[in-house]
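Undergrad: Contents of model-v3.cif (mmCIF, C-alpha atoms and all ligand atoms):
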```cif
data_model
#
loop_
_atom_site.label_atom_id
_atom_site.label_comp_id
_atom_site.auth_asym_id
_atom_site.auth_seq_id
_atom_site.Cartn_x
_atom_site.Cartn_y
_atom_site.Cartn_z
CA MET A 1 -257.63 -91.96 -45.70
CA LYS A 2 -260.30 -92.94 -48.17
CA LEU A 3 -258.43 -91.02 -50.85
CA LEU A 4 -255.22 -92.95 -50.47
CA PRO A 5 -255.95 -95.94 -52.72
CA PHE A 6 -257.17 -93.58 -55.43
CA PHE A 7 -254.00 -91.53 -55.07
CA PHE A 8 -251.87 -94.64 -55.49
CA VAL A 9 -253.78 -95.66 -58.56
CA LEU A 10 -253.16 -92.23 -60.07
CA LEU A 11 -249.47 -92.36 -59.24
CA TYR A 12 -249.12 -95.84 -60.66
CA SER A 13 -250.94 -94.92 -63.87
CA PHE A 14 -248.79 -91.89 -64.39
CA LYS A 15 -245.61 -93.93 -63.96
CA CYS A 16 -246.74 -96.49 -66.52
CA GLU A 17 -247.61 -93.84 -69.03
CA SER A 18 -244.47 -91.79 -68.48
CA GLN A 19 -242.30 -94.76 -69.41
CA GLU A 20 -243.67 -94.51 -72.92
CA LEU A 21 -243.16 -90.78 -73.34
CA TYR A 22 -240.55 -89.68 -75.79
CA LYS A 23 -238.45 -86.53 -75.81
CA ARG A 24 -238.41 -84.70 -79.10
CA CYS A 25 -234.76 -85.58 -79.65
CA GLY A 26 -231.63 -86.70 -77.84
CA TRP A 27 -229.31 -83.93 -79.03
CA GLY A 28 -228.37 -82.46 -75.61
CA SER A 29 -227.51 -85.72 -73.87
CA PHE A 30 -225.91 -87.06 -77.04
CA VAL A 31 -223.48 -84.14 -77.22
CA SER A 32 -222.60 -84.76 -73.56
CA ASN A 33 -221.95 -88.43 -74.36
CA VAL A 34 -219.77 -87.46 -77.30
CA GLU A 35 -217.77 -85.10 -75.09
CA LEU A 36 -217.27 -87.87 -72.53
CA LYS A 37 -216.29 -90.45 -75.11
CA TYR A 38 -213.99 -88.28 -77.17
CA GLU A 39 -212.63 -86.13 -74.34
CA GLY A 40 -213.35 -82.69 -75.69
CA LYS A 41 -213.58 -81.05 -79.00
CA ASN A 42 -211.38 -81.17 -82.00
CA GLU A 43 -210.98 -77.44 -82.54
CA THR A 44 -209.75 -77.71 -86.11
CA PRO A 45 -212.68 -78.39 -88.40
CA LYS A 46 -211.97 -81.38 -90.58
CA TRP A 47 -214.41 -80.21 -93.22
CA SER A 48 -213.89 -76.63 -94.23
CA LEU A 49 -215.00 -74.55 -97.17
CA LYS A 50 -213.08 -75.30 -100.33
CA SER A 51 -211.79 -72.11 -101.86
CA ASN A 52 -212.94 -72.98 -105.36
CA PHE A 53 -216.60 -73.24 -104.37
CA ASN A 54 -218.63 -70.70 -106.25
CA ASN A 55 -221.67 -69.53 -104.30
CA ASN A 56 -223.53 -68.72 -107.49
CA THR A 57 -223.62 -72.36 -108.50
CA ILE A 58 -225.50 -73.49 -105.38
CA LYS A 59 -228.64 -75.46 -106.05
CA TYR A 60 -230.65 -76.41 -103.03
CA ASP A 61 -231.90 -79.77 -104.37
CA ILE A 62 -231.01 -82.28 -101.68
CA PRO A 63 -231.45 -86.07 -101.99
CA LEU A 64 -232.77 -88.10 -99.06
CA VAL A 65 -232.73 -91.83 -98.56
CA PHE A 66 -234.87 -93.56 -95.93
CA HIS A 67 -233.55 -96.79 -94.38
CA PHE A 68 -236.24 -98.68 -92.45
CA ILE A 69 -235.10 -101.18 -89.83
CA LEU A 70 -238.28 -102.63 -88.34
CA ASN A 71 -239.89 -105.95 -87.55
CA GLN A 72 -242.90 -107.20 -89.50
CA GLN A 73 -245.38 -106.13 -86.85
CA GLN A 74 -244.04 -102.56 -86.94
CA ILE A 75 -244.11 -102.52 -90.75
CA ASN A 76 -247.74 -103.60 -90.57
CA LYS A 77 -248.49 -100.75 -88.15
CA LEU A 78 -247.31 -98.33 -90.85
CA GLY A 79 -249.67 -99.95 -93.37
CA GLY A 80 -247.16 -102.27 -95.02
CA LEU A 81 -245.02 -101.26 -97.97
CA TYR A 82 -247.71 -99.04 -99.49
CA GLY A 83 -248.24 -97.29 -96.15
CA ILE A 84 -244.51 -96.73 -95.76
CA LYS A 85 -244.29 -95.12 -99.20
CA GLN A 86 -247.22 -92.82 -98.40
CA ARG A 87 -245.68 -91.80 -95.08
CA VAL A 88 -242.37 -91.00 -96.75
CA LEU A 89 -244.00 -88.91 -99.49
CA LYS A 90 -246.01 -86.98 -96.95
CA GLN A 91 -242.91 -86.42 -94.84
CA ILE A 92 -241.06 -85.02 -97.86
CA ALA A 93 -243.99 -82.67 -98.50
CA VAL A 94 -244.01 -81.51 -94.85
CA ILE A 95 -240.28 -80.74 -94.71
CA ASN A 96 -240.37 -78.89 -98.04
CA ASP A 97 -243.31 -76.80 -96.85
CA ALA A 98 -241.47 -76.00 -93.60
CA PHE A 99 -238.15 -74.95 -95.11
CA GLN A 100 -239.67 -73.09 -98.06
CA ASN A 101 -242.30 -71.59 -95.75
CA ASN A 102 -245.14 -72.49 -98.10
CA LYS A 103 -247.41 -73.52 -95.26
CA ASP A 104 -250.27 -71.67 -93.66
CA THR A 105 -248.73 -69.31 -91.12
CA ALA A 106 -252.02 -68.14 -89.60
CA LEU A 107 -251.38 -70.19 -86.45
CA ILE A 108 -248.17 -68.29 -85.69
CA PRO A 109 -248.87 -65.41 -83.24
CA LEU A 110 -248.89 -62.05 -85.01
CA ALA A 111 -246.05 -60.82 -82.79
CA PHE A 112 -243.70 -63.44 -84.31
CA ARG A 113 -245.22 -64.00 -87.76
CA HIS A 114 -243.07 -61.35 -89.46
CA LEU A 115 -239.95 -63.18 -88.27
CA THR A 116 -240.85 -66.38 -90.13
CA GLY A 117 -238.05 -67.33 -92.48
CA SER A 118 -237.55 -69.55 -95.49
CA VAL A 119 -234.63 -71.20 -97.19
CA ASP A 120 -234.98 -72.51 -100.71
CA ILE A 121 -234.16 -76.16 -100.07
CA HIS A 122 -236.00 -78.78 -102.12
CA PHE A 123 -235.73 -82.16 -100.43
CA GLN A 124 -236.29 -85.01 -102.83
CA LEU A 125 -236.18 -88.77 -102.64
CA ALA A 126 -233.11 -90.29 -104.18
CA ARG A 127 -233.79 -91.85 -107.59
CA VAL A 128 -230.33 -93.35 -108.07
CA THR A 129 -228.33 -95.51 -105.63
CA PRO A 130 -224.58 -95.08 -105.06
CA ASP A 131 -224.19 -98.06 -107.47
CA ASN A 132 -226.11 -96.15 -110.13
CA GLN A 133 -229.21 -98.35 -109.85
CA GLU A 134 -232.77 -97.01 -109.93
CA THR A 135 -234.37 -96.58 -106.51
CA ASP A 136 -237.42 -95.02 -104.92
CA GLY A 137 -235.23 -93.69 -102.10
CA ILE A 138 -236.55 -96.22 -99.59
CA GLU A 139 -234.94 -99.45 -98.39
CA ILE A 140 -236.28 -101.79 -95.76
CA LYS A 141 -234.62 -104.38 -93.55
CA VAL A 142 -237.08 -106.65 -91.77
CA THR A 143 -235.66 -107.64 -88.40
CA THR A 144 -236.81 -109.96 -85.65
CA GLN A 145 -235.87 -107.48 -82.93
CA ASN A 146 -238.23 -105.13 -81.15
CA GLY A 147 -235.90 -102.14 -81.53
CA ILE A 148 -232.46 -100.60 -81.36
CA SER A 149 -230.71 -99.19 -78.29
CA SER A 150 -229.08 -95.78 -78.42
CA ASN A 151 -226.12 -97.34 -76.60
CA GLY A 152 -225.04 -99.74 -79.32
CA ILE A 153 -221.50 -101.02 -79.69
CA THR A 154 -220.92 -101.01 -83.45
CA GLY A 155 -218.86 -98.10 -84.76
CA SER A 156 -219.02 -95.18 -82.34
CA GLY A 157 -221.06 -97.06 -79.73
CA ILE A 158 -223.30 -94.04 -79.31
CA GLY A 159 -226.23 -92.56 -81.14
CA PHE A 160 -227.95 -95.76 -82.37
CA SER A 161 -224.71 -96.74 -84.09
CA ASP A 162 -225.93 -100.34 -84.62
CA VAL A 163 -228.55 -99.32 -87.20
CA LYS A 164 -225.98 -97.75 -89.49
CA TYR A 165 -224.15 -100.90 -90.61
CA ASN A 166 -225.23 -103.80 -92.82
CA SER A 167 -222.90 -105.99 -90.77
CA SER A 168 -224.73 -105.17 -87.57
CA LEU A 169 -228.46 -104.71 -86.95
CA GLY A 170 -229.12 -102.17 -89.67
CA LEU A 171 -228.48 -100.78 -93.12
CA SER A 172 -225.31 -98.96 -94.07
CA GLY A 173 -225.73 -95.32 -94.99
CA TRP A 174 -225.25 -94.16 -98.54
CA ASP A 175 -222.42 -91.72 -99.35
CA PRO A 176 -222.98 -88.85 -96.85
CA MET A 177 -221.50 -86.36 -99.32
CA SER A 178 -224.38 -87.09 -101.72
CA TYR A 179 -227.38 -88.19 -99.62
CA ILE A 180 -228.95 -87.28 -96.29
CA ASN A 181 -229.40 -90.67 -94.63
CA VAL A 182 -232.51 -91.11 -92.48
CA TRP A 183 -232.85 -94.30 -90.45
CA VAL A 184 -236.40 -95.10 -89.35
CA ILE A 185 -236.42 -97.41 -86.34
CA ASN A 186 -238.05 -98.28 -83.04
CA PRO A 187 -235.63 -96.65 -80.58
CA LEU A 188 -235.26 -98.29 -77.19
CA ALA A 189 -234.48 -96.41 -73.98
CA ASP A 190 -230.83 -95.56 -73.28
CA ASN A 191 -228.85 -96.67 -70.22
CA ASN A 192 -230.45 -93.90 -68.17
CA GLY A 193 -233.98 -94.92 -69.16
CA PHE A 194 -234.61 -91.99 -71.51
CA ASN A 195 -236.58 -92.45 -74.71
CA TYR A 196 -235.71 -90.25 -77.66
CA SER A 197 -237.90 -89.93 -80.71
CA ALA A 198 -234.93 -88.92 -82.87
CA LEU A 199 -231.22 -88.13 -82.96
CA THR A 200 -228.99 -86.40 -85.50
CA ILE A 201 -225.28 -86.54 -86.20
CA SER A 202 -224.68 -83.37 -88.16
CA PRO A 203 -221.77 -82.37 -90.41
CA LEU A 204 -220.83 -79.62 -87.93
CA LEU A 205 -220.74 -82.10 -85.04
CA LEU A 206 -218.57 -84.37 -87.13
CA SER A 207 -216.19 -81.49 -87.80
CA GLU A 208 -215.83 -80.90 -84.06
CA TYR A 209 -215.47 -84.54 -83.06
CA LYS A 210 -213.60 -86.12 -85.89
CA SER A 211 -213.51 -89.54 -84.21
CA ILE A 212 -217.20 -90.05 -84.98
CA PRO A 213 -217.26 -92.39 -87.99
CA PHE A 214 -218.09 -90.49 -91.16
CA GLN A 215 -220.68 -93.07 -92.25
CA GLU A 216 -222.76 -92.42 -89.10
CA LEU A 217 -223.69 -88.95 -90.33
CA GLY A 218 -227.45 -88.59 -90.60
CA ILE A 219 -230.73 -88.77 -88.74
CA VAL A 220 -232.34 -91.55 -86.73
CA MET A 221 -236.06 -91.22 -86.07
CA HIS A 222 -238.88 -93.18 -84.43
CA TYR A 223 -241.15 -94.87 -86.96
CA GLY A 224 -244.15 -93.42 -85.12
CA THR A 225 -243.10 -89.86 -85.97
CA LEU A 226 -242.73 -90.31 -89.72
CA GLY A 227 -245.12 -88.54 -92.06
CA SER A 228 -248.30 -86.68 -91.23
CA ARG A 229 -251.62 -88.05 -90.05
CA SER A 230 -254.47 -88.30 -92.52
CA ASP A 231 -256.66 -90.67 -90.54
CA SER A 232 -257.29 -91.17 -86.82
CA SER A 233 -256.66 -94.91 -87.15
CA GLU A 234 -253.05 -94.44 -88.25
CA PHE A 235 -250.27 -95.32 -85.84
CA PHE A 236 -248.29 -92.35 -84.50
CA LEU A 237 -246.54 -91.50 -81.26
CA PRO A 238 -248.97 -89.26 -79.35
CA LYS A 239 -248.34 -85.56 -80.13
CA PHE A 240 -245.83 -86.39 -82.89
CA ASP A 241 -248.20 -86.88 -85.81
CA LYS A 242 -247.57 -83.88 -88.08
CA GLY A 243 -244.08 -84.64 -89.33
CA LYS A 244 -242.36 -82.01 -87.19
CA THR A 245 -239.75 -84.41 -85.77
CA LEU A 246 -237.85 -84.58 -89.04
CA ILE A 247 -238.07 -80.80 -89.49
CA HIS A 248 -236.46 -80.37 -86.04
CA GLU A 249 -233.75 -82.94 -86.80
CA LEU A 250 -232.98 -81.39 -90.18
CA GLY A 251 -232.62 -78.11 -88.30
CA HIS A 252 -229.85 -79.79 -86.26
CA PHE A 253 -228.42 -81.37 -89.41
CA PHE A 254 -227.98 -77.90 -90.95
CA GLY A 255 -226.36 -76.61 -87.76
CA LEU A 256 -229.19 -75.17 -85.64
CA LYS A 257 -229.13 -75.51 -81.88
CA HIS A 258 -232.11 -75.88 -79.58
CA ILE A 259 -233.77 -72.53 -79.05
CA TRP A 260 -232.96 -72.52 -75.31
CA GLY A 261 -229.23 -73.19 -75.87
CA ASP A 262 -229.05 -76.54 -74.00
CA ASP A 263 -227.87 -74.87 -70.80
CA ASN A 264 -230.18 -76.55 -68.28
CA GLY A 265 -232.37 -73.55 -67.62
CA LYS A 266 -229.80 -70.78 -67.39
CA CYS A 267 -230.09 -67.29 -68.85
CA LEU A 268 -227.26 -65.28 -70.37
CA ILE A 269 -227.03 -63.20 -67.22
CA ASP A 270 -226.16 -66.26 -65.10
CA GLY A 271 -223.71 -67.76 -67.55
CA GLY A 272 -226.15 -69.63 -69.78
CA ALA A 273 -225.83 -70.28 -73.49
CA ASP A 274 -227.80 -68.85 -76.39
CA ASP A 275 -228.79 -70.53 -79.64
CA ASP A 276 -226.61 -67.94 -81.44
CA ILE A 277 -229.58 -66.66 -83.44
CA GLU A 278 -230.39 -62.93 -83.30
CA ASP A 279 -234.14 -63.01 -83.75
CA THR A 280 -235.08 -65.78 -81.31
CA PRO A 281 -235.79 -64.56 -77.74
CA ILE A 282 -233.51 -65.79 -74.95
CA GLN A 283 -235.14 -68.85 -73.42
CA ALA A 284 -234.29 -70.72 -70.21
CA ASN A 285 -235.29 -74.28 -70.99
CA SER A 286 -237.27 -76.46 -73.37
CA THR A 287 -241.05 -76.12 -73.66
CA SER A 288 -243.35 -79.13 -73.73
CA GLY A 289 -247.01 -79.56 -74.63
CA CYS A 290 -248.91 -76.82 -76.42
CA PRO A 291 -248.86 -73.61 -74.31
CA SER A 292 -251.00 -70.53 -74.92
CA PHE A 293 -249.40 -67.38 -76.26
CA PRO A 294 -247.79 -65.38 -74.73
CA LYS A 295 -245.59 -67.52 -72.50
CA TYR A 296 -242.87 -66.03 -70.33
CA ASP A 297 -239.93 -67.52 -68.48
CA LYS A 298 -237.15 -66.23 -66.23
CA CYS A 299 -234.99 -65.21 -69.23
CA THR A 300 -237.74 -63.43 -71.19
CA SER A 301 -240.42 -62.02 -68.93
CA ASN A 302 -241.78 -59.21 -71.09
CA LYS A 303 -242.84 -58.26 -74.64
CA SER A 304 -243.98 -61.28 -76.64
CA GLY A 305 -242.29 -63.82 -74.36
CA ILE A 306 -240.50 -66.94 -75.56
CA MET A 307 -240.88 -68.39 -79.05
CA PHE A 308 -242.21 -71.79 -77.99
CA MET A 309 -243.70 -72.38 -81.45
CA ASN A 310 -240.22 -72.56 -83.01
CA TYR A 311 -239.29 -75.86 -84.67
CA MET A 312 -236.16 -76.01 -82.47
CA ASP A 313 -238.16 -76.16 -79.23
CA TYR A 314 -239.80 -79.32 -77.82
CA THR A 315 -243.48 -78.39 -78.16
CA ASP A 316 -246.02 -80.85 -79.62
CA ASP A 317 -246.32 -81.13 -83.39
CA ASP A 318 -249.55 -79.10 -83.31
CA CYS A 319 -247.68 -76.09 -81.93
CA SER A 320 -244.32 -76.44 -83.68
CA LEU A 321 -244.69 -73.94 -86.51
CA MET A 322 -241.71 -71.88 -87.65
CA PHE A 323 -238.07 -71.23 -88.35
CA THR A 324 -237.05 -67.57 -88.04
CA LYS A 325 -235.27 -65.51 -90.68
CA GLY A 326 -232.16 -65.70 -88.48
CA GLN A 327 -232.28 -69.48 -88.34
CA CYS A 328 -232.76 -69.69 -92.12
CA ASP A 329 -229.81 -67.33 -92.66
CA LYS A 330 -227.74 -69.60 -90.42
CA ILE A 331 -228.76 -72.64 -92.47
CA SER A 332 -227.78 -70.88 -95.72
CA THR A 333 -224.46 -69.75 -94.25
CA ASN A 334 -223.73 -73.27 -93.07
CA ILE A 335 -224.49 -74.68 -96.52
CA TYR A 336 -222.01 -72.21 -98.01
CA SER A 337 -219.34 -72.85 -95.42
CA THR A 338 -219.51 -76.59 -94.70
CA ASP A 339 -218.37 -78.77 -97.53
CA ILE A 340 -220.55 -81.79 -96.68
CA LEU A 341 -223.67 -79.61 -96.67
CA PHE A 342 -222.55 -77.86 -99.83
CA SER A 343 -221.78 -81.16 -101.50
CA LEU A 344 -225.34 -82.37 -100.80
CA THR A 345 -226.66 -79.58 -103.02
CA GLN A 346 -224.52 -80.61 -105.99
CA HIS A 347 -226.12 -83.87 -107.16
CA PRO A 348 -229.14 -83.09 -109.33
CA ASN A 349 -228.61 -86.40 -111.17
CA ILE A 350 -229.49 -88.33 -108.00
CA THR A 351 -232.95 -86.82 -107.74
CA ALA A 352 -233.73 -86.55 -111.46
CA ASN A 353 -237.10 -88.19 -112.00
CA ASN A 354 -237.94 -88.94 -115.60
CA ASN A 355 -241.15 -90.78 -114.78
CA THR A 356 -243.84 -88.07 -114.78
CA ASN A 357 -246.46 -90.59 -113.67
CA ILE A 358 -245.14 -90.60 -110.11
CA ASN A 359 -245.00 -86.84 -109.64
CA TYR A 360 -247.92 -86.94 -107.25
CA LEU A 361 -249.89 -89.35 -105.15
CA ILE A 362 -253.53 -89.18 -104.02
CA SER A 363 -253.90 -90.72 -100.60
CA PRO A 364 -255.47 -92.42 -98.74
CA ASN A 365 -257.63 -94.27 -101.25
CA PRO A 366 -260.22 -95.37 -100.16
CA CYS A 367 -260.56 -92.30 -97.95
CA LYS A 368 -262.73 -91.53 -94.94
CA ASN A 369 -262.08 -88.00 -93.63
CA LYS A 370 -259.52 -86.20 -95.75
CA ILE A 371 -257.99 -86.84 -99.13
CA TYR A 372 -254.43 -85.62 -99.75
CA ILE A 373 -252.77 -84.75 -103.05
CA ILE A 374 -249.06 -85.12 -102.32
CA PHE A 375 -246.42 -83.92 -104.79
CA THR A 376 -243.05 -85.65 -104.86
CA GLN A 377 -241.58 -82.66 -106.67
CA PRO A 378 -242.82 -79.05 -106.71
CA SER A 379 -246.31 -78.89 -108.23
CA LEU A 380 -245.17 -76.58 -111.04
CA GLY A 381 -247.87 -75.38 -113.40
CA LEU A 382 -250.72 -76.47 -111.15
CA LYS A 383 -253.55 -73.91 -111.37
CA LYS A 384 -256.54 -75.51 -109.73
CA ILE A 385 -257.68 -78.67 -107.95
CA GLU A 386 -261.33 -79.72 -107.99
CA LEU A 387 -263.23 -82.37 -106.09
CA LEU A 388 -266.02 -83.86 -108.22
CA ASN A 389 -268.81 -86.29 -107.40
CA SER A 390 -269.57 -89.47 -109.33
CA ILE A 391 -271.51 -87.59 -112.03
CA GLY A 392 -268.87 -84.90 -112.46
CA GLN A 393 -270.49 -82.13 -110.40
CA ASN A 394 -268.13 -79.81 -108.55
CA LEU A 395 -268.13 -80.35 -104.76
CA ASP A 396 -265.14 -78.26 -103.82
CA ALA A 397 -262.21 -76.46 -105.45
CA GLN A 398 -258.90 -74.80 -104.63
CA ILE A 399 -257.25 -72.15 -106.79
CA ILE A 400 -253.49 -72.58 -106.50
CA THR A 401 -251.73 -69.29 -105.91
CA SER A 402 -248.52 -70.62 -104.33
CA GLN A 403 -246.92 -74.01 -104.95
CA ARG A 404 -247.01 -76.37 -102.00
CA GLY A 405 -245.90 -79.92 -101.28
CA TYR A 406 -249.43 -81.12 -100.66
CA TYR A 407 -253.09 -80.11 -100.66
CA ASN A 408 -256.16 -81.69 -99.10
CA PHE A 409 -259.95 -81.77 -99.18
CA GLU A 410 -262.31 -82.62 -96.32
CA VAL A 411 -264.54 -85.49 -97.48
CA SER A 412 -266.11 -86.70 -94.21
CA GLN A 413 -269.42 -84.97 -95.06
CA TYR A 414 -270.02 -86.99 -98.23
CA SER A 415 -271.78 -90.34 -98.48
CA ASN A 416 -269.96 -93.44 -99.67
CA GLN A 417 -269.42 -93.02 -103.38
CA MET A 418 -266.91 -92.71 -106.17
CA LEU A 419 -265.28 -89.25 -106.22
CA PHE A 420 -262.86 -87.62 -108.63
CA ILE A 421 -259.87 -85.32 -108.15
CA LYS A 422 -259.34 -83.03 -111.14
CA LEU A 423 -255.89 -81.43 -111.43
CA VAL A 424 -255.73 -78.48 -113.80
CA PHE A 425 -252.18 -77.67 -114.91
CA ASP A 426 -251.30 -74.87 -117.32
CA ASN A 427 -250.70 -77.41 -120.09
CA LYS A 428 -252.85 -80.42 -119.16
CA VAL A 429 -255.76 -81.70 -117.08
CA GLU A 430 -255.62 -84.97 -115.13
CA ILE A 431 -258.54 -86.70 -113.40
CA LYS A 432 -258.08 -89.42 -110.78
CA LYS A 433 -260.73 -91.67 -109.27
CA ILE A 434 -261.01 -92.14 -105.49
CA LEU A 435 -263.39 -94.08 -103.29
CA LYS A 436 -265.10 -92.45 -100.35
CA ASN A 437 -265.64 -95.18 -97.78
CA GLU A 438 -266.68 -94.88 -94.12
ZN ZN B 1 -233.23 -81.47 -80.87
#
```
Do you think you could lay out the structure here as structure tokens?

TA:
Amino acid sequence: MKLLPFFFVLLYSFKCESQELYKRCGWGSFVSNVELKYEGKNETPKWSLKSNFNNNTIKYDIPLVFHFILNQQQINKLGGLYGIKQRVLKQIAVINDAFQNNKDTALIPLAFRHLTGSVDIHFQLARVTPDNQETDGIEIKVTTQNGISSNGITGSGIGFSDVKYNSSLGLSGWDPMSYINVWVINPLADNNGFNYSALTISPLLLSEYKSIPFQELGIVMHYGTLGSRSDSSEFFLPKFDKGKTLIHELGHFFGLKHIWGDDNGKCLIDGGADDDIEDTPIQANSTSGCPSFPKYDKCTSNKSGIMFMNYMDYTDDDCSLMFTKGQCDKISTNIYSTDILFSLTQHPNITANNNTNINYLISPNPCKNKIYIIFTQPSLGLKKIELLNSIGQNLDAQIITSQRGYYNFEVSQYSNQMLFIKLVFDNKVEIKKILKNE
């Protein structure tokens, strides 16, 4: 009997905490809602491959625009306008590393590492608006509301529709044939009390359900999942602090399904669905947390088990590590065969950046634990990065053998002082000053 009050306290605490937990994304329940609302699929794709498309002309430069719809308090939690810009740049670096597979793959279990795929997509911030004005690819609407419900009434009335219109609570998307629109918001729970950290309306979904308004195409994500953590004081949703949410949603955008097939725990043998990818093991249901390898379930109970570290599962950011070759082939095929996706690769003028001074950003400055060198475009010609102390002595260095979106140095061990980052390119050397500050 003595244990009872303690038990109640535990139960109560868990309930409070669970109300703030977010699912990786709302894709499964969203598709169900779409089916209910639009009474089944439109079997004739509205957007099909145009016969005059020439595969050889494909360039995988894709423009992104970020629309922030937040109140002032939430903007402050991201570090204000400067913080928002840093988060966006880091997010771009993370998604480029993921799709191009430039990242460190050592964390991927050996049994799956050889299956890791890449697709040569270069995501870049838009530099030109649909009205041909200069932009940094970020626009912000300061609201007085706490957040946006996934059950809005504007447009489709589903999928955070309200944030996608100037006339409603949000910002209208830019031409979906030219830009991937990303809305960064504080999502509120849906009618069933579920919280989703993100939701995507993909070109393929639009082709199946043609009643979904064209301008709602794009990705909605929680502002606490944007970017990648560089300091423990930064605001992030717990477990979503490495930028994996947008990788997962872009996977959906390019036509990937969840790795377990969204079949509520079924296997193929009992009528379940697959993700239609050859090299991902059959999986019963989503995986949460950060399991140890190998992990088995009722659909795959031998060999290397399920691929819980795949970006299209629901594991924490720390454990979400790879697309497979099969998934990357699917993405490429979809780009070739879906005219919205193909069209997104055909606008190099939108991402052309003539200002070489903003090719990279060194952040945070002042820094405490780690300093990041984030490239807004591929770091072409970069040979070496050095960390120097205030009198020019070398503290650390990295020889660049493969181009990445960003690099970092640990600086927590140094005393407070002025430091320098020296970037050695094949045709120039640039030195930037940073402040190490506890
Ligand atoms: Zn998803």

Undergrad: What is the distance between atom CA of A:Gln86 and atom CA of A:Glu234, in Å to one decimal?

TA: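 Answer for the atom CA of A:Gln86 to atom CA of A:Glu234 separation: 11.8 Å.
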
Undergrad: Which residue out of A:Pro63, A:Lys103, A:Leu204, A:Phe254 has the minimum interatomic distance to A:Asp175 when only C-alpha atoms are used?

TA: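 Closest residue, counting only C-alpha atoms: A:Pro63.
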
Undergrad: Restricting the calculation to all atoms listed in the file, which member of A:Thr287, A:Ser207, A:Asn427, A:Asn96 is positioned closest to ligand ZN 1 (chain B)?

TA: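 Counting all atoms listed in the file, the residue closest to ligand ZN 1 (chain B) is A:Thr287.
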
Undergrad: Find the residues near ligand ZN 1 (chain B). Use a cut-off of 12 Å, count all atoms listed in the file, and write them as a PDB file with C-alpha atoms, in the frame of the given file.

TA:
```pdb
ATOM      1  CA  LYS A  23    -238.450 -86.530 -75.810  1.00  0.00           C
ATOM      2  CA  ARG A  24    -238.410 -84.700 -79.100  1.00  0.00           C
ATOM      3  CA  CYS A  25    -234.760 -85.580 -79.650  1.00  0.00           C
ATOM      4  CA  GLY A  26    -231.630 -86.700 -77.840  1.00  0.00           C
ATOM      5  CA  TRP A  27    -229.310 -83.930 -79.030  1.00  0.00           C
ATOM      6  CA  GLY A  28    -228.370 -82.460 -75.610  1.00  0.00           C
ATOM      7  CA  SER A  29    -227.510 -85.720 -73.870  1.00  0.00           C
ATOM      8  CA  PHE A  30    -225.910 -87.060 -77.040  1.00  0.00           C
ATOM      9  CA  VAL A  31    -223.480 -84.140 -77.220  1.00  0.00           C
ATOM     10  CA  TYR A 196    -235.710 -90.250 -77.660  1.00  0.00           C
ATOM     11  CA  SER A 197    -237.900 -89.930 -80.710  1.00  0.00           C
ATOM     12  CA  ALA A 198    -234.930 -88.920 -82.870  1.00  0.00           C
ATOM     13  CA  LEU A 199    -231.220 -88.130 -82.960  1.00  0.00           C
ATOM     14  CA  THR A 200    -228.990 -86.400 -85.500  1.00  0.00           C
ATOM     15  CA  ILE A 201    -225.280 -86.540 -86.200  1.00  0.00           C
ATOM     16  CA  SER A 202    -224.680 -83.370 -88.160  1.00  0.00           C
ATOM     17  CA  ILE A 219    -230.730 -88.770 -88.740  1.00  0.00           C
ATOM     18  CA  VAL A 220    -232.340 -91.550 -86.730  1.00  0.00           C
ATOM     19  CA  MET A 221    -236.060 -91.220 -86.070  1.00  0.00           C
ATOM     20  CA  LYS A 244    -242.360 -82.010 -87.190  1.00  0.00           C
ATOM     21  CA  THR A 245    -239.750 -84.410 -85.770  1.00  0.00           C
ATOM     22  CA  LEU A 246    -237.850 -84.580 -89.040  1.00  0.00           C
ATOM     23  CA  ILE A 247    -238.070 -80.800 -89.490  1.00  0.00           C
ATOM     24  CA  HIS A 248    -236.460 -80.370 -86.040  1.00  0.00           C
ATOM     25  CA  GLU A 249    -233.750 -82.940 -86.800  1.00  0.00           C
ATOM     26  CA  LEU A 250    -232.980 -81.390 -90.180  1.00  0.00           C
ATOM     27  CA  GLY A 251    -232.620 -78.110 -88.300  1.00  0.00           C
ATOM     28  CA  HIS A 252    -229.850 -79.790 -86.260  1.00  0.00           C
ATOM     29  CA  PHE A 253    -228.420 -81.370 -89.410  1.00  0.00           C
ATOM     30  CA  PHE A 254    -227.980 -77.900 -90.950  1.00  0.00           C
ATOM     31  CA  GLY A 255    -226.360 -76.610 -87.760  1.00  0.00           C
ATOM     32  CA  LEU A 256    -229.190 -75.170 -85.640  1.00  0.00           C
ATOM     33  CA  LYS A 257    -229.130 -75.510 -81.880  1.00  0.00           C
ATOM     34  CA  HIS A 258    -232.110 -75.880 -79.580  1.00  0.00           C
ATOM     35  CA  ILE A 259    -233.770 -72.530 -79.050  1.00  0.00           C
ATOM     36  CA  TRP A 260    -232.960 -72.520 -75.310  1.00  0.00           C
ATOM     37  CA  GLY A 261    -229.230 -73.190 -75.870  1.00  0.00           C
ATOM     38  CA  ASP A 262    -229.050 -76.540 -74.000  1.00  0.00           C
ATOM     39  CA  ASP A 275    -228.790 -70.530 -79.640  1.00  0.00           C
ATOM     40  CA  SER A 286    -237.270 -76.460 -73.370  1.00  0.00           C
ATOM     41  CA  THR A 287    -241.050 -76.120 -73.660  1.00  0.00           C
ATOM     42  CA  ASN A 310    -240.220 -72.560 -83.010  1.00  0.00           C
ATOM     43  CA  TYR A 311    -239.290 -75.860 -84.670  1.00  0.00           C
ATOM     44  CA  MET A 312    -236.160 -76.010 -82.470  1.00  0.00           C
ATOM     45  CA  ASP A 313    -238.160 -76.160 -79.230  1.00  0.00           C
ATOM     46  CA  TYR A 314    -239.800 -79.320 -77.820  1.00  0.00           C
ATOM     47  CA  THR A 315    -243.480 -78.390 -78.160  1.00  0.00           C
TER      48      THR A 315
END
```
